[in-house]
file start-v6.csv (CSV, C-alpha atoms)
chain,number,residue,atom,x,y,z
A,33,MET,CA,5.3,27.9,-7.8
A,34,SER,CA,6.0,26.1,-4.6
A,35,VAL,CA,2.4,26.1,-3.2
A,36,PRO,CA,0.9,24.2,-6.2
A,37,GLU,CA,3.8,21.7,-6.0
A,38,PHE,CA,3.0,21.1,-2.3
A,39,LEU,CA,-0.7,20.8,-3.0
A,40,LEU,CA,0.0,18.1,-5.6
A,41,ARG,CA,1.9,16.1,-3.1
A,42,LEU,CA,-1.1,16.2,-0.8
A,43,SER,CA,-3.7,15.5,-3.5
A,44,ASP,CA,-1.8,12.8,-5.3
A,45,ASP,CA,-1.3,10.8,-2.1
A,46,ARG,CA,-5.1,10.8,-1.8
A,47,LEU,CA,-6.0,10.3,-5.4
A,48,ILE,CA,-3.7,7.3,-5.9
A,49,LEU,CA,-4.6,5.6,-2.6
A,50,GLY,CA,-8.3,6.3,-3.3
A,51,HIS,CA,-8.0,4.6,-6.7
A,52,ARG,CA,-6.2,1.6,-5.2
A,53,LEU,CA,-9.0,1.2,-2.6
A,54,SER,CA,-11.6,1.5,-5.3
A,55,GLU,CA,-10.2,-1.7,-6.8
A,56,TRP,CA,-11.9,-3.5,-3.8
A,57,CYS,CA,-15.3,-2.4,-4.9
A,58,GLY,CA,-17.3,-5.7,-5.4
A,59,HIS,CA,-14.4,-7.7,-4.0
A,60,GLY,CA,-14.6,-7.0,-0.3
A,61,PRO,CA,-14.4,-9.9,2.1
A,62,ILE,CA,-18.0,-9.2,3.3
A,63,LEU,CA,-20.7,-6.8,2.1
A,64,GLU,CA,-20.3,-4.4,5.0
A,65,GLU,CA,-16.5,-4.2,4.5
A,66,ASP,CA,-16.9,-3.7,0.7
A,67,ILE,CA,-19.1,-0.6,1.4
A,68,ALA,CA,-16.6,0.6,4.1
A,69,LEU,CA,-13.6,0.4,1.7
A,70,ALA,CA,-15.6,2.2,-1.0
A,71,ASN,CA,-16.6,4.9,1.4
A,72,ILE,CA,-13.0,5.5,2.4
A,73,SER,CA,-12.0,5.5,-1.3
A,74,LEU,CA,-14.6,8.1,-2.0
A,75,ASP,CA,-13.5,10.2,1.0
A,76,LEU,CA,-9.9,10.2,-0.4
A,77,ILE,CA,-10.9,11.0,-4.0
A,78,GLY,CA,-13.1,13.8,-2.7
A,79,GLN,CA,-10.2,15.3,-0.7
A,80,ALA,CA,-8.0,14.9,-3.8
A,81,ASN,CA,-10.5,16.7,-5.9
A,82,LEU,CA,-10.6,19.7,-3.6
A,83,LEU,CA,-6.8,19.8,-3.4
A,84,LEU,CA,-6.4,19.4,-7.2
A,85,GLU,CA,-8.8,22.2,-7.9
A,86,LEU,CA,-6.9,24.4,-5.4
A,87,ALA,CA,-3.6,23.4,-7.0
A,88,GLY,CA,-5.0,24.4,-10.4
A,89,LYS,CA,-6.2,27.7,-9.1
A,90,GLU,CA,-2.8,28.5,-7.4
A,91,GLU,CA,-0.9,27.4,-10.5
A,92,GLY,CA,-2.9,30.0,-12.5
A,93,ARG,CA,-2.6,28.2,-15.9
A,94,GLY,CA,-6.3,27.4,-16.1
A,95,ARG,CA,-6.0,23.7,-15.4
A,96,THR,CA,-8.9,22.1,-13.6
A,97,GLY,CA,-8.8,19.3,-11.0
A,98,ASP,CA,-9.9,16.8,-13.7
A,99,GLN,CA,-7.1,17.9,-16.1
A,100,LEU,CA,-4.5,17.5,-13.3
A,101,ALA,CA,-5.9,14.1,-12.4
A,102,TYR,CA,-6.3,12.6,-15.9
A,103,PHE,CA,-3.8,14.4,-18.1
A,104,ARG,CA,-0.6,14.2,-16.2
A,105,GLU,CA,2.0,11.4,-16.8
A,106,ALA,CA,3.4,9.2,-14.1
A,107,VAL,CA,6.6,11.3,-13.8
A,108,GLU,CA,4.4,14.3,-13.0
A,109,PHE,CA,2.7,12.6,-10.1
A,110,ARG,CA,4.0,13.6,-6.6
A,111,ASN,CA,2.5,10.9,-4.4
A,112,ALA,CA,4.5,8.9,-2.0
A,113,LEU,CA,5.4,5.4,-3.3
A,114,ILE,CA,3.4,3.6,-0.5
A,115,MET,CA,0.2,4.9,-2.1
A,116,GLU,CA,0.7,3.2,-5.4
A,117,LEU,CA,1.7,-0.3,-4.3
A,118,PRO,CA,-0.8,-2.9,-5.6
A,119,ARG,CA,-3.6,-3.5,-3.2
A,120,GLY,CA,-2.3,-7.0,-2.2
A,121,ASP,CA,-4.5,-9.1,0.1
A,122,PHE,CA,-7.0,-7.6,2.6
A,123,GLY,CA,-4.3,-7.6,5.3
A,124,PHE,CA,-2.0,-5.5,3.1
A,125,THR,CA,-4.7,-3.0,2.2
A,126,ILE,CA,-5.7,-2.6,5.9
A,127,ALA,CA,-2.0,-2.4,7.0
A,128,ARG,CA,-1.3,0.4,4.5
A,129,GLN,CA,-4.5,2.2,5.3
A,130,PHE,CA,-3.7,2.1,9.0
A,131,LEU,CA,-0.1,3.4,8.6
A,132,VAL,CA,-1.1,6.1,6.2
A,133,SER,CA,-4.2,7.2,8.2
A,134,VAL,CA,-2.3,7.6,11.4
A,135,PHE,CA,0.1,9.8,9.5
A,136,GLY,CA,-2.8,11.7,7.8
A,137,ILE,CA,-4.4,12.6,11.2
A,138,LEU,CA,-1.1,14.1,12.5
A,139,HIS,CA,-0.4,16.0,9.3
A,140,LEU,CA,-3.9,17.3,8.8
A,141,GLU,CA,-4.1,18.5,12.4
A,142,ARG,CA,-1.3,20.8,11.6
A,143,LEU,CA,-2.4,21.7,8.1
A,144,SER,CA,-5.8,22.7,9.5
A,145,GLN,CA,-3.9,25.5,11.2
A,146,SER,CA,-2.2,26.6,8.0
A,147,ARG,CA,-2.1,30.3,7.2
A,148,HIS,CA,-3.4,29.3,3.7
A,149,GLY,CA,-7.1,29.6,4.4
A,150,ASP,CA,-8.4,27.3,1.7
A,151,LEU,CA,-5.9,24.6,2.5
A,152,ALA,CA,-6.8,24.9,6.3
A,153,GLY,CA,-10.5,24.5,5.4
A,154,ILE,CA,-9.9,21.4,3.3
A,155,ALA,CA,-7.6,19.9,5.9
A,156,ALA,CA,-10.2,20.4,8.7
A,157,LYS,CA,-12.8,18.6,6.6
A,158,ALA,CA,-10.4,15.8,5.7
A,159,LEU,CA,-9.3,15.4,9.3
A,160,LYS,CA,-12.7,14.2,10.4
A,161,GLU,CA,-12.8,11.7,7.6
A,162,THR,CA,-9.3,10.5,8.3
A,163,ARG,CA,-10.0,10.0,12.0
A,164,TYR,CA,-12.7,7.5,10.9
A,165,HIS,CA,-10.3,5.8,8.4
A,166,ALA,CA,-7.8,5.3,11.3
A,167,ARG,CA,-10.4,3.9,13.6
A,168,HIS,CA,-11.7,1.5,11.0
A,169,SER,CA,-8.3,0.2,10.0
A,170,ALA,CA,-7.0,0.0,13.6
A,171,ASP,CA,-10.0,-2.1,14.5
A,172,TRP,CA,-9.1,-4.5,11.7
A,173,ILE,CA,-5.4,-4.5,12.7
A,174,LEU,CA,-6.5,-5.7,16.1
A,175,LYS,CA,-8.8,-8.4,14.7
A,176,LEU,CA,-6.3,-9.7,12.1
A,177,GLY,CA,-3.3,-9.6,14.5
A,178,ASP,CA,-5.2,-11.4,17.2
A,179,GLY,CA,-7.2,-13.6,14.8
A,180,THR,CA,-6.0,-16.8,13.3
A,181,ALA,CA,-2.4,-17.8,12.7
A,182,GLU,CA,-2.9,-17.1,9.0
A,183,SER,CA,-4.4,-13.6,9.5
A,184,HIS,CA,-1.6,-12.8,12.0
A,185,ARG,CA,1.1,-13.9,9.6
A,186,ARG,CA,-0.4,-12.0,6.6
A,187,VAL,CA,-0.8,-8.7,8.4
A,188,GLN,CA,2.6,-9.0,10.0
A,189,ASP,CA,4.1,-9.7,6.5
A,190,ALA,CA,2.2,-6.6,5.2
A,191,ILE,CA,3.6,-4.4,7.9
A,192,ASP,CA,7.1,-5.7,7.3
A,193,GLU,CA,6.8,-5.1,3.6
A,194,LEU,CA,5.3,-1.7,3.9
A,195,TRP,CA,7.7,-0.4,6.5
A,196,ARG,CA,10.4,0.6,4.0
A,197,TYR,CA,7.9,2.9,2.3
A,198,THR,CA,6.9,4.8,5.5
A,199,GLY,CA,10.1,7.0,5.6
A,200,GLU,CA,9.0,9.0,2.6
A,201,LEU,CA,5.9,10.3,4.5
A,202,PHE,CA,8.2,12.2,6.9
A,203,GLU,CA,10.7,13.6,4.4
A,204,MET,CA,11.2,17.3,4.2
A,205,ASP,CA,12.9,19.2,1.4
A,206,ASP,CA,13.7,22.8,0.8
A,207,LEU,CA,10.3,23.5,-0.7
A,208,GLU,CA,8.3,22.2,2.3
A,209,ARG,CA,10.8,23.7,4.8
A,210,ALA,CA,10.3,27.1,3.3
A,211,LEU,CA,6.5,26.7,3.3
A,212,ALA,CA,6.6,25.4,6.9
A,213,GLY,CA,8.7,28.5,7.8
A,214,ASP,CA,5.9,30.7,6.4
A,215,GLY,CA,3.2,28.9,8.4
A,216,LEU,CA,1.7,27.4,5.2
A,217,ALA,CA,2.9,23.8,5.5
A,218,ALA,CA,3.9,21.6,8.5
A,219,ASP,CA,7.2,20.0,9.5
A,220,ARG,CA,6.7,16.3,8.6
A,221,ALA,CA,9.8,15.3,10.5
A,222,GLU,CA,8.1,16.3,13.8
A,223,LEU,CA,5.3,13.9,13.1
A,224,ARG,CA,7.6,10.9,13.2
A,225,GLU,CA,7.7,10.2,16.9
A,226,PRO,CA,3.9,10.7,17.6
A,227,TRP,CA,3.3,8.4,14.6
A,228,ARG,CA,5.6,5.7,16.0
A,229,ALA,CA,3.9,6.0,19.3
A,230,GLU,CA,0.4,5.5,18.0
A,231,VAL,CA,1.4,2.8,15.5
A,232,GLY,CA,3.4,1.0,18.1
A,233,ARG,CA,0.5,1.2,20.6
A,234,VAL,CA,-1.9,-0.5,18.1
A,235,LEU,CA,0.6,-3.1,16.9
A,236,ALA,CA,1.4,-4.1,20.5
A,237,ALA,CA,-2.3,-4.5,21.3
A,238,ALA,CA,-2.6,-6.7,18.2
A,239,SER,CA,0.4,-8.8,19.3
A,240,LEU,CA,2.2,-7.6,16.1
A,241,LYS,CA,5.9,-6.6,15.9
A,242,MET,CA,6.9,-3.1,14.9
A,243,PRO,CA,9.7,-3.5,12.3
A,244,ALA,CA,13.1,-1.8,12.8
A,245,ASP,CA,13.8,1.2,10.6
A,246,GLY,CA,16.1,0.2,7.8
A,247,PHE,CA,16.6,1.3,4.3
A,248,MET,CA,13.8,3.5,3.1
A,249,GLN,CA,12.4,3.7,-0.4
A,250,ARG,CA,11.9,7.2,-1.8
A,251,GLY,CA,11.4,9.2,-5.0
A,252,GLY,CA,7.7,9.7,-5.4
A,253,ARG,CA,7.9,13.4,-4.6
A,254,GLU,CA,10.3,13.9,-7.5
A,255,GLY,CA,8.2,11.8,-9.9
A,256,ARG,CA,10.4,8.7,-9.6
A,257,HIS,CA,7.8,5.9,-9.2
A,258,THR,CA,7.5,2.2,-9.1
A,259,GLU,CA,6.4,0.3,-12.2
A,260,HIS,CA,2.9,0.0,-10.6
A,261,LEU,CA,1.9,3.6,-11.0
A,262,GLY,CA,1.9,3.5,-14.8
A,263,HIS,CA,-0.5,0.6,-14.8
A,264,LEU,CA,-2.8,2.3,-12.3
A,265,LEU,CA,-2.8,5.5,-14.3
A,266,ALA,CA,-3.6,3.7,-17.5
A,267,GLU,CA,-6.8,2.3,-16.0
A,268,MET,CA,-7.7,5.5,-14.1
A,269,GLN,CA,-7.1,7.9,-17.0
A,270,ILE,CA,-8.3,5.9,-20.0
A,271,VAL,CA,-11.9,7.1,-20.1
A,272,ALA,CA,-11.0,10.7,-19.7
A,273,ARG,CA,-8.3,10.4,-22.4
A,274,SER,CA,-10.5,8.5,-24.8
A,275,PHE,CA,-13.3,10.9,-24.6
A,276,PRO,CA,-11.8,14.3,-23.8
A,277,GLY,CA,-14.3,16.8,-22.4
A,278,ALA,CA,-16.9,14.1,-21.8
A,279,GLU,CA,-19.4,14.8,-19.0
A,280,TRP,CA,-21.3,12.4,-16.9
B,141,MET,CA,-33.5,-27.7,22.7
B,142,THR,CA,-31.4,-24.7,22.0
B,143,ALA,CA,-32.5,-21.8,19.8
B,144,THR,CA,-30.8,-21.5,16.4
B,145,ARG,CA,-29.6,-18.1,15.5
B,146,SER,CA,-30.7,-17.1,12.0
B,147,ASP,CA,-27.2,-16.4,10.8
B,148,ASP,CA,-26.0,-19.9,11.7
B,149,ALA,CA,-28.7,-21.4,9.5
B,150,VAL,CA,-27.0,-20.4,6.3
B,151,PRO,CA,-23.5,-22.0,6.1
B,152,GLY,CA,-21.2,-20.1,3.7
B,153,ASP,CA,-23.1,-16.9,3.9
B,154,SER,CA,-21.5,-15.6,7.1
B,155,GLN,CA,-20.4,-17.0,10.4
B,156,TRP,CA,-20.6,-13.6,11.9
B,157,PRO,CA,-23.4,-12.7,14.3
B,158,LEU,CA,-26.3,-10.5,13.1
B,159,TRP,CA,-26.9,-7.1,14.6
B,160,GLU,CA,-29.9,-4.7,14.4
B,161,VAL,CA,-29.2,-1.1,13.7
B,162,PHE,CA,-31.2,1.9,15.1
B,163,ILE,CA,-30.6,5.5,14.1
B,164,GLN,CA,-31.6,8.7,15.7
B,165,PRO,CA,-32.6,11.1,12.9
B,166,GLU,CA,-32.2,14.3,14.9
B,167,PRO,CA,-31.4,15.3,18.5
B,168,GLY,CA,-34.3,14.4,20.9
B,169,ALA,CA,-36.0,12.1,18.3
B,170,PRO,CA,-36.5,8.4,19.1
B,171,HIS,CA,-34.1,5.9,17.6
B,172,GLU,CA,-35.7,4.1,14.6
B,173,HIS,CA,-34.8,0.7,13.3
B,174,CYS,CA,-33.1,1.0,9.9
B,175,GLY,CA,-31.8,-2.4,9.1
B,176,SER,CA,-29.3,-5.1,10.1
B,177,LEU,CA,-25.8,-6.2,9.4
B,178,HIS,CA,-23.1,-8.7,10.3
B,179,ALA,CA,-20.2,-8.0,12.6
B,180,VAL,CA,-18.0,-9.9,15.0
B,181,ASP,CA,-18.2,-7.4,17.9
B,182,ALA,CA,-19.9,-4.2,19.0
B,183,GLU,CA,-17.2,-1.8,17.8
B,184,GLN,CA,-17.2,-3.4,14.3
B,185,ALA,CA,-21.0,-3.4,14.3
B,186,LEU,CA,-21.0,0.3,15.1
B,187,LEU,CA,-18.4,1.1,12.3
B,188,ASN,CA,-20.3,-1.1,9.8
B,189,ALA,CA,-23.6,0.7,10.8
B,190,ARG,CA,-21.9,4.0,10.1
B,191,ASP,CA,-20.8,2.9,6.7
B,192,VAL,CA,-24.0,1.1,5.6
B,193,TYR,CA,-26.7,3.2,7.2
B,194,ALA,CA,-25.3,6.6,8.1
B,195,ARG,CA,-23.2,7.9,5.2
B,196,ARG,CA,-25.8,10.2,3.7
B,197,ASN,CA,-26.4,12.4,6.7
B,198,GLU,CA,-29.3,10.2,8.0
B,199,GLY,CA,-28.8,10.9,11.7
B,200,VAL,CA,-26.9,12.0,14.7
B,201,ASN,CA,-26.6,8.8,16.8
B,202,LEU,CA,-26.5,5.0,16.3
B,203,TRP,CA,-27.4,2.0,18.4
B,204,VAL,CA,-26.4,-1.6,17.5
B,205,VAL,CA,-28.0,-4.5,19.3
B,206,PRO,CA,-27.3,-8.2,18.8
B,207,SER,CA,-30.3,-9.6,16.9
B,208,GLN,CA,-30.4,-12.6,19.3
B,209,TRP,CA,-31.2,-10.3,22.2
B,210,ILE,CA,-34.4,-9.0,20.5
B,211,THR,CA,-37.5,-11.0,21.3
B,212,GLY,CA,-40.4,-10.5,18.8
B,213,SER,CA,-44.0,-11.4,18.7
B,214,THR,CA,-45.0,-14.1,16.2
B,215,PRO,CA,-47.7,-14.0,13.5
B,216,GLU,CA,-49.8,-16.3,15.7
B,217,ASP,CA,-49.7,-13.5,18.3
B,218,VAL,CA,-51.6,-11.1,16.0
B,219,GLY,CA,-55.0,-12.1,17.2
B,220,PRO,CA,-54.5,-12.0,20.9
B,221,PHE,CA,-52.1,-9.1,20.8
B,222,PHE,CA,-53.8,-6.7,18.5
B,223,ASP,CA,-57.4,-7.5,17.7
B,224,PRO,CA,-58.8,-6.6,21.1
B,225,ALA,CA,-57.9,-3.0,20.4
B,226,ASN,CA,-60.3,-2.8,17.4
B,227,ASP,CA,-63.5,-2.4,19.4
B,228,LYS,CA,-62.2,-0.2,22.2
B,229,ALA,CA,-62.6,3.2,20.7
B,230,TYR,CA,-62.6,4.8,24.1
B,231,ARG,CA,-58.9,4.2,24.3
B,232,HIS,CA,-58.4,6.8,21.6
B,233,PRO,CA,-58.6,10.5,22.4
B,234,GLN,CA,-61.0,11.0,19.5
B,235,PHE,CA,-63.6,9.1,21.5
B,236,TYR,CA,-64.2,12.0,23.8
B,237,LYS,CA,-66.1,15.1,22.8
B,238,THR,CA,-64.2,18.3,23.1
B,239,PRO,CA,-65.9,20.5,25.7
B,240,ARG,CA,-67.1,23.9,24.7
B,241,GLY,CA,-64.6,26.6,25.5
B,242,VAL,CA,-61.6,24.4,24.8
B,243,LYS,CA,-59.6,25.9,22.0
B,244,VAL,CA,-59.1,23.2,19.2
B,245,PHE,CA,-55.8,23.4,17.4

call {"tool": "encode", "arguments": {"input": "start-v6.csv", "output": "structure tokens"}}
result
Amino acid sequence: MSVPEFLLRLSDDRLILGHRLSEWCGHGPILEEDIALANISLDLIGQANLLLELAGKEEGRGRTGDQLAYFREAVEFRNALIMELPRGDFGFTIARQFLVSVFGILHLERLSQSRHGDLAGIAAKALKETRYHARHSADWILKLGDGTAESHRRVQDAIDELWRYTGELFEMDDLERALAGDGLAADRAELREPWRAEVGRVLAAASLKMPADGFMQRGGREGRHTEHLGHLLAEMQIVARSFPGAEW
Amino acid sequence: MTATRSDDAVPGDSQWPLWEVFIQPEPGAPHEHCGSLHAVDAEQALLNARDVYARRNEGVNLWVVPSQWITGSTPEDVGPFFDPANDKAYRHPQFYKTPRGVKVF
């Protein structure tokens, strides 16, 4: 049972963040950026779909990706809390995307070597997309950090606010330790230093401060979420739940 | 008198410079103009071009060029530039008869 649980952690991170990004559609600061955020959103939802289908297959109870996306309750979601936080202003959205994408690259590099062939294939595809997400958001971090006093303040506030949610990305538990031991998963804790190095490099170039590690929020992997996830799910799931089996 | 960039002419639309985007459909093929976009620098123009013009597998390489660096002919140039070509059929390969013995493809 541990493989499907692990796959849900990977897929839910992407599904929930993808949905958050989709909220920008039609509200981007400029047409080109509106399209860029929608593209990233679609990349993430596409990755989530592949992972959810695989989770359903591994689970062996006949659940499809759609059923896992639309008919689970908040307590059954396994995403890290950072993914479900409201989209905030553009600086907050970019800051989160940057922190998460840098982690995503490091994690996917290792998962693309997984002994689980299907997972390795999905990770290799997702890695290319995620490299682009990191490049796009890092470019914006530089522009906002080095922009006006207001853009600098907003993106620094966002980094400071988000920092306490980054620890969860690197958390290991018995489940993932066992999978990593079998060559199926990766040791997240090993990713922490390379992540700090890359994040620190970009923040320094953008004249932004890297916050000190303090208290870290956690609980998403066990289904203990913020109040925000329920509202997000209500919107994301309502059509599928109102018209079960509908096709479009 | 200084030239006015087109993007400065519409206040509130965007203060960002305009860029022209060229895409190479396949290796070895010439880059073709596919549209324009706004961006503050070359890196952002390239990223925006990727998102706006290359997300459906349209090509293998992108060029972005600040629109202000492109000099174009004007409608008034149409006569002097292009009309003289009309009556000079000898500039077209079809003007010449194919010699006997040459295989025509």

call {"tool": "atom_distance", "arguments": {"input": "start-v6.csv", "atom1": "atom CA of Arg167 of chain A", "atom2": "atom CA of Ala181 of chain A"}}
result
23.1 Å

call {"tool": "closest_atom_pairs", "arguments": {"input": "start-v6.csv", "of": "chain A", "to": "chain B", "cutoff": "9 Å", "atoms": "only C-alpha atoms", "output": "JSON lines"}}
result
{"residue": "A:Ile62", "atom": "CA", "partner": "B:Ser154", "partner_atom": "CA", "distance": 8.2}
{"residue": "A:Leu63", "atom": "CA", "partner": "B:His178", "partner_atom": "CA", "distance": 8.8}
{"residue": "A:Glu64", "atom": "CA", "partner": "B:Asn188", "partner_atom": "CA", "distance": 5.8}
{"residue": "A:Glu65", "atom": "CA", "partner": "B:Asn188", "partner_atom": "CA", "distance": 7.2}
{"residue": "A:Ile67", "atom": "CA", "partner": "B:Asp191", "partner_atom": "CA", "distance": 6.6}
{"residue": "A:Ala68", "atom": "CA", "partner": "B:Asp191", "partner_atom": "CA", "distance": 5.4}
{"residue": "A:Asn71", "atom": "CA", "partner": "B:Asp191", "partner_atom": "CA", "distance": 7.1}
{"residue": "A:Tyr164", "atom": "CA", "partner": "B:Leu187", "partner_atom": "CA", "distance": 8.7}
{"residue": "A:Arg167", "atom": "CA", "partner": "B:Leu187", "partner_atom": "CA", "distance": 8.6}
{"residue": "A:His168", "atom": "CA", "partner": "B:Leu187", "partner_atom": "CA", "distance": 6.8}
{"residue": "A:Asp171", "atom": "CA", "partner": "B:Gln184", "partner_atom": "CA", "distance": 7.3}
{"residue": "A:Trp172", "atom": "CA", "partner": "B:Gln184", "partner_atom": "CA", "distance": 8.6}

call {"tool": "closest_residue", "arguments": {"input": "start-v6.csv", "among": "A:Ala152, A:Leu143, A:Ala190, A:Leu113", "to": "Thr125 of chain A", "atoms": "only C-alpha atoms"}}
result
A:Ala190

call {"tool": "residues_around", "arguments": {"input": "start-v6.csv", "residues": "segment 96-111 of chain A", "least_positions_apart": "2", "cutoff": "6 Å", "atoms": "only C-alpha atoms", "output": "number ranges by chain"}}
result
A: 41, 44-45, 81, 84-85, 88, 252-253, 255, 262, 269

call {"tool": "write_last_selection", "arguments": {"input": "start-v6.csv", "atoms": "C-alpha atoms", "output": "compact mmCIF listing (two decimals), in the coordinates of the input"}}
result
# COMPACT_ATOMS: atom_id res chain seq x y z
CA ARG A 41 1.90 16.10 -3.10
CA ASP A 44 -1.80 12.80 -5.30
CA ASP A 45 -1.30 10.80 -2.10
CA ASN A 81 -10.50 16.70 -5.90
CA LEU A 84 -6.40 19.40 -7.20
CA GLU A 85 -8.80 22.20 -7.90
CA GLY A 88 -5.00 24.40 -10.40
CA GLY A 252 7.70 9.70 -5.40
CA ARG A 253 7.90 13.40 -4.60
CA GLY A 255 8.20 11.80 -9.90
CA GLY A 262 1.90 3.50 -14.80
CA GLN A 269 -7.10 7.90 -17.00

call {"tool": "closest_residue", "arguments": {"input": "start-v6.csv", "among": "A:Gly199, A:Gly123, A:Gly179, A:Gly213", "to": "Ser146 of chain A", "atoms": "all atoms listed in the file"}}
result
A:Gly213

call {"tool": "residues_around", "arguments": {"input": "start-v6.csv", "residues": "Leu151 of chain A", "least_positions_apart": "5", "cutoff": "9 Å", "atoms": "only C-alpha atoms", "output": "count of residues only"}}
result
9

call {"tool": "closest_residue", "arguments": {"input": "start-v6.csv", "among": "A:Asp245, A:Gln79, A:Glu182, A:Gly232", "to": "Ala155 of chain A", "atoms": "all atoms listed in the file"}}
result
A:Gln79

call {"tool": "residues_around", "arguments": {"input": "start-v6.csv", "residues": "Lys160 of chain A", "least_positions_apart": "2", "cutoff": "12 Å", "atoms": "only C-alpha atoms", "output": "list in words"}}
result
Ile72, Asp75, Leu76, Gln79, Ser133, Gly136, Ile137, Leu138, Leu140, Glu141, Ser144, Gly153, Ile154, Ala155, Ala156, Lys157, Ala158, Thr162, Arg163, Tyr164, His165, Ala166 and Arg167 of chain A

call {"tool": "atom_distance", "arguments": {"input": "start-v6.csv", "atom1": "atom CA of Val242 of chain B", "atom2": "atom CA of Asp227 of chain B"}}
result
27.4 Å

call {"tool": "atom_distance", "arguments": {"input": "start-v6.csv", "atom1": "atom CA of Met204 of chain A", "atom2": "atom CA of Leu264 of chain A"}}
result
26.3 Å

call {"tool": "closest_residue", "arguments": {"input": "start-v6.csv", "among": "A:Arg142, A:Arg128, A:Arg220, A:His257", "to": "Ile191 of chain A", "atoms": "all atoms listed in the file"}}
result
A:Arg128

call {"tool": "closest_residue", "arguments": {"input": "start-v6.csv", "among": "B:Glu160, B:Phe235, B:His171, B:Ala229", "to": "Val200 of chain B", "atoms": "all atoms listed in the file"}}
result
B:His171

call {"tool": "residues_around", "arguments": {"input": "start-v6.csv", "residues": "Ala244 of chain A", "least_positions_apart": "3", "cutoff": "10 Å", "atoms": "only C-alpha atoms", "output": "list in words"}}
result
Asp192, Trp195, Arg196, Lys241 and Phe247 of chain A

call {"tool": "build_atoms", "arguments": {"input": "start-v6.csv", "residues": "segment 187-191 of chain B", "atoms": "all heavy atoms", "output": "PDB file, in the frame of the given file"}}
result
ATOM      1  N   LEU B 187     -19.116   0.519  13.521  1.00  0.00           N
ATOM      2  CA  LEU B 187     -18.400   1.100  12.300  1.00  0.00           C
ATOM      3  C   LEU B 187     -19.157   0.647  11.071  1.00  0.00           C
ATOM      4  O   LEU B 187     -19.351   1.460  10.156  1.00  0.00           O
ATOM      5  CB  LEU B 187     -16.972   0.566  12.310  1.00  0.00           C
ATOM      6  CG  LEU B 187     -16.074   0.985  13.484  1.00  0.00           C
ATOM      7  CD1 LEU B 187     -14.649   0.465  13.288  1.00  0.00           C
ATOM      8  CD2 LEU B 187     -16.048   2.489  13.646  1.00  0.00           C
ATOM      9  N   ASN B 188     -19.584  -0.608  11.000  1.00  0.00           N
ATOM     10  CA  ASN B 188     -20.300  -1.100   9.800  1.00  0.00           C
ATOM     11  C   ASN B 188     -21.646  -0.307   9.676  1.00  0.00           C
ATOM     12  O   ASN B 188     -22.061   0.028   8.572  1.00  0.00           O
ATOM     13  CB  ASN B 188     -20.574  -2.560   9.884  1.00  0.00           C
ATOM     14  CG  ASN B 188     -19.325  -3.373   9.588  1.00  0.00           C
ATOM     15  OD1 ASN B 188     -18.322  -2.838   9.115  1.00  0.00           O
ATOM     16  ND2 ASN B 188     -19.381  -4.669   9.861  1.00  0.00           N
ATOM     17  N   ALA B 189     -22.299  -0.057  10.824  1.00  0.00           N
ATOM     18  CA  ALA B 189     -23.600   0.700  10.800  1.00  0.00           C
ATOM     19  C   ALA B 189     -23.361   2.067  10.215  1.00  0.00           C
ATOM     20  O   ALA B 189     -24.159   2.562   9.416  1.00  0.00           O
ATOM     21  CB  ALA B 189     -24.180   0.748  12.177  1.00  0.00           C
ATOM     22  N   ARG B 190     -22.258   2.675  10.636  1.00  0.00           N
ATOM     23  CA  ARG B 190     -21.900   4.000  10.100  1.00  0.00           C
ATOM     24  C   ARG B 190     -21.781   3.958   8.594  1.00  0.00           C
ATOM     25  O   ARG B 190     -22.283   4.805   7.878  1.00  0.00           O
ATOM     26  CB  ARG B 190     -20.660   4.506  10.789  1.00  0.00           C
ATOM     27  CG  ARG B 190     -20.237   5.908  10.372  1.00  0.00           C
ATOM     28  CD  ARG B 190     -19.219   5.843   9.268  1.00  0.00           C
ATOM     29  NE  ARG B 190     -18.565   7.129   9.061  1.00  0.00           N
ATOM     30  CZ  ARG B 190     -17.780   7.378   8.018  1.00  0.00           C
ATOM     31  NH1 ARG B 190     -17.554   6.452   7.106  1.00  0.00           N
ATOM     32  NH2 ARG B 190     -17.198   8.550   7.880  1.00  0.00           N
ATOM     33  N   ASP B 191     -21.072   2.926   8.125  1.00  0.00           N
ATOM     34  CA  ASP B 191     -20.800   2.900   6.700  1.00  0.00           C
ATOM     35  C   ASP B 191     -22.008   2.466   5.867  1.00  0.00           C
ATOM     36  O   ASP B 191     -22.184   2.922   4.745  1.00  0.00           O
ATOM     37  CB  ASP B 191     -19.648   1.875   6.431  1.00  0.00           C
ATOM     38  CG  ASP B 191     -18.295   2.513   6.699  1.00  0.00           C
ATOM     39  OD1 ASP B 191     -18.111   3.657   6.278  1.00  0.00           O
ATOM     40  OD2 ASP B 191     -17.447   1.880   7.334  1.00  0.00           O
TER      41      ASP B 191
END
